[in-house]
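Worksheet: the structure to be examined is printed underneath.
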Amino acid sequence: MASEREKMARGEWYRCLDPELDALRETARAAVHAHNTLHPAERGAMAPDLRRLFGVVADDAFIEAPFHCAYGFNIDIAAKVYFNAGCVILDTAPVRIGAETMFGPGVHIYCADHHRDPELRTQGFERALPVTIGARVWIGGGAIILPGVTIGNGAIVGAGAVVTRDVAAGTSVVGNPAKPKG
């Protein structure tokens with residue numbers, strides 16, 4: 001029988017209330033805390049525990065504090081990516097971020113899709129859908145990227161937008177739900 005972590009990795013319905021997943025989230029919380037409490041003189045750096053936590057992270061990626069992620073190991077960050085303060089990645093599934101992408105303050109990326117049945121939801125059932133963000137994307141402050149979304153290269157997501165569907169390369173989207181600008 002598959003573990004909850006294995007089911008999560010396959011995008012199946014799984015129970016997030018699980019001792020193995022709890023331990024992995026605790027490891028991530030410790031690494032995030034270490035990063036968020038770096039001395040201001042070290043702000044260009046990334047806490048070593050956070051760097052080791054990520055699946056892949058370029059040496060020149062920059063993450064302002066505070067930052068939060070659920071697990072970390074599902075996050076791949078390419079070269080010259082910048083996260084402004086207050087960003088959150090709930091990485092129950094892979095989150096891939098292309099080179100030279102920039103995030104405004106308070107951007108949230110969610111991979112967890114909670115069950116629609118209230119009884120199953122209260123039992124912790126959810127599924128994990130990946131999020132992919134291309135290269136040279138700009139995501140404005142306070143934007144929310146929902147589970148399963150892909151944002152193409154060079155796209156712009158306006159501040160406060162809620163992205164519920166894929167965004168084509170080179171497209172600008174705004175609003176809730178996010179729609180092409182113009």
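Chain lettering (A, B, ...) mirrors the order of the structure tokens, residue numbering begins at 1 for each chain separately, and ligand numbering begins at 1 in order of display.
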
message: Give me, as a list in words, all polymer residues having an atom no more than 8 Å from region 80-82 of chain A, counting only C-alpha atoms and skipping those fewer than 5 positions away in the same chain.
response: Ala58, Asp60, Ala61, Phe62, Ile63, Ile97, Gly98, Ala99, Glu100, Thr101, Met102 and Phe103 of chain A

Written selection (C-alpha atoms) as a PDB file, in the first residue's frame:
```pdb
ATOM      1  CA  ALA A  58      20.608  28.504  -8.565  1.00  0.00           C
ATOM      2  CA  ASP A  60      22.221  33.620  -7.623  1.00  0.00           C
ATOM      3  CA  ALA A  61      18.560  33.160  -6.639  1.00  0.00           C
ATOM      4  CA  PHE A  62      17.482  35.746  -4.066  1.00  0.00           C
ATOM      5  CA  ILE A  63      14.719  35.225  -1.519  1.00  0.00           C
ATOM      6  CA  ILE A  97      10.426  28.606 -11.724  1.00  0.00           C
ATOM      7  CA  GLY A  98      12.309  29.723 -14.831  1.00  0.00           C
ATOM      8  CA  ALA A  99      15.343  31.992 -15.017  1.00  0.00           C
ATOM      9  CA  GLU A 100      15.093  35.748 -14.434  1.00  0.00           C
ATOM     10  CA  THR A 101      11.574  35.552 -13.036  1.00  0.00           C
ATOM     11  CA  MET A 102      10.603  38.152 -10.443  1.00  0.00           C
ATOM     12  CA  PHE A 103       7.978  38.003  -7.688  1.00  0.00           C
TER      13      PHE A 103
END
```

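These are the residues of region 37-69 of chain A assigned alpha helix (DSSP H) by DSSP from backbone coordinates: A:Pro48, A:Asp49, A:Leu50, A:Arg51, A:Arg52, A:Leu53.
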
Dump of N, CA and C atoms for the selected residues, as a CSV table (one decimal), in the first residue's frame:
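Written output follows (result-v4.csv):
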```
chain,number,residue,atom,x,y,z
A,48,PRO,N,21.8,28.1,4.7
A,48,PRO,CA,22.2,26.8,4.1
A,48,PRO,C,21.1,25.7,4.2
A,49,ASP,N,20.4,25.7,5.3
A,49,ASP,CA,19.4,24.7,5.5
A,49,ASP,C,18.3,24.9,4.5
A,50,LEU,N,17.9,26.1,4.1
A,50,LEU,CA,16.9,26.4,3.1
A,50,LEU,C,17.4,26.0,1.7
A,51,ARG,N,18.7,26.3,1.4
A,51,ARG,CA,19.3,26.0,0.1
A,51,ARG,C,19.3,24.5,0.0
A,52,ARG,N,19.6,23.7,1.0
A,52,ARG,CA,19.7,22.2,0.9
A,52,ARG,C,18.3,21.7,0.8
A,53,LEU,N,17.3,22.4,1.3
A,53,LEU,CA,15.9,21.9,1.3
A,53,LEU,C,15.3,21.8,-0.1
```

- prompt: If we count only C-alpha atoms, what is near region 173-178 of chain A at a cut-off of 7 Å, once residues fewer than 6 positions away on the same chain are taken out, given as number ranges by chain?
  reply: A: 156-158, 160-164

Write the residues of the selection above to a file with C-alpha atoms, as a PDB file, in the first residue's frame.
```pdb
ATOM      1  CA  ILE A 156       3.076  39.358 -16.619  1.00  0.00           C
ATOM      2  CA  VAL A 157       0.650  38.728 -13.764  1.00  0.00           C
ATOM      3  CA  GLY A 158      -0.768  41.963 -12.360  1.00  0.00           C
ATOM      4  CA  GLY A 160      -3.481  41.118  -6.746  1.00  0.00           C
ATOM      5  CA  ALA A 161      -4.458  38.809  -9.607  1.00  0.00           C
ATOM      6  CA  VAL A 162      -5.799  35.355  -8.832  1.00  0.00           C
ATOM      7  CA  VAL A 163      -4.517  33.003 -11.525  1.00  0.00           C
ATOM      8  CA  THR A 164      -6.926  30.095 -11.917  1.00  0.00           C
TER       9      THR A 164
END
```

I'd like the contact shell of Arg121 (chain A) - 12 Å cut-off, only C-alpha atoms, skipping same-chain residues fewer than 4 positions apart - returned as a compact mmCIF listing (two decimals) with C-alpha atoms, in the first residue's frame.
```txt
# COMPACT_ATOMS: atom_id res chain seq x y z
CA TRP A 13 -5.88 12.06 -3.22
CA TYR A 14 -3.89 11.69 0.01
CA ARG A 15 -4.23 12.60 3.68
CA CYS A 16 -2.04 15.54 4.61
CA LEU A 17 -2.54 14.67 8.30
CA ALA A 112 -2.72 21.80 -2.65
CA ASP A 113 -6.22 21.20 -3.97
CA HIS A 114 -8.47 20.29 -1.03
CA HIS A 115 -11.28 17.79 -1.37
CA ARG A 116 -14.73 19.19 -2.22
CA ASP A 117 -16.54 16.77 0.09
CA PHE A 125 -7.79 14.76 1.99
CA GLU A 126 -6.17 16.82 -0.74
CA ARG A 127 -4.29 16.30 -3.98
```

Using only C-alpha atoms, which residues sit within 10 Å of Ile133 (chain A) once same-chain residues fewer than 4 positions away are excluded, as a PDB file with C-alpha atoms, in the first residue's frame?
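Result went into part-v2.pdb, see below:
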```
ATOM      1  CA  ILE A  77      14.455  27.791  -8.834  1.00  0.00           C
ATOM      2  CA  VAL A  95       6.949  24.087  -8.470  1.00  0.00           C
ATOM      3  CA  ARG A  96       9.302  24.994 -11.326  1.00  0.00           C
ATOM      4  CA  ILE A  97      10.426  28.606 -11.724  1.00  0.00           C
ATOM      5  CA  GLY A  98      12.309  29.723 -14.831  1.00  0.00           C
ATOM      6  CA  ALA A  99      15.343  31.992 -15.017  1.00  0.00           C
ATOM      7  CA  THR A 101      11.574  35.552 -13.036  1.00  0.00           C
ATOM      8  CA  VAL A 137       7.968  36.248 -15.854  1.00  0.00           C
ATOM      9  CA  TRP A 138       6.888  39.140 -13.633  1.00  0.00           C
ATOM     10  CA  ILE A 139       4.327  38.395 -10.931  1.00  0.00           C
ATOM     11  CA  ILE A 145      -1.243  31.249  -8.349  1.00  0.00           C
ATOM     12  CA  VAL A 149      -1.369  26.464 -13.375  1.00  0.00           C
ATOM     13  CA  THR A 150       1.365  27.015 -15.974  1.00  0.00           C
ATOM     14  CA  ILE A 151       2.567  30.547 -16.733  1.00  0.00           C
ATOM     15  CA  GLY A 152       4.455  30.915 -20.012  1.00  0.00           C
ATOM     16  CA  ASN A 153       7.761  32.673 -20.641  1.00  0.00           C
ATOM     17  CA  GLY A 154       7.690  36.457 -20.508  1.00  0.00           C
ATOM     18  CA  ALA A 155       4.166  36.670 -19.088  1.00  0.00           C
ATOM     19  CA  ASP A 166      -2.806  28.772 -17.587  1.00  0.00           C
ATOM     20  CA  VAL A 167      -1.279  32.017 -18.874  1.00  0.00           C
ATOM     21  CA  ALA A 169       3.734  33.150 -23.013  1.00  0.00           C
TER      22      ALA A 169
END
```

- prompt: What is the CA of Ala78 (chain A) to CA of Val57 (chain A) distance in Å?
  reply: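 Calculated distance between CA of Ala78 (chain A) and CA of Val57 (chain A) is 6.1 Å.
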
statement: In terms of only C-alpha atoms, the residue from A:Asn74, A:Thr37, A:Ser172, A:Asn84 at minimal distance from Leu129 (chain A) is A:Asn74

message: Need to verify the contact set: Tyr71 (chain A), 8 Å, only C-alpha atoms, exclusion of same-chain residues closer than 5 positions in sequence. Can you return it as number ranges by chain?
response: A: 24-25, 27-28, 53, 90-92

Which of region 29-137 of chain A DSSP labels strand (DSSP E or B), written as an MDAnalysis selection string: chainID A and resid 56:57 62:63 67:69 75:77 82:83 87:90 95:97 102:103 108:110 112:114 125:128 131:133
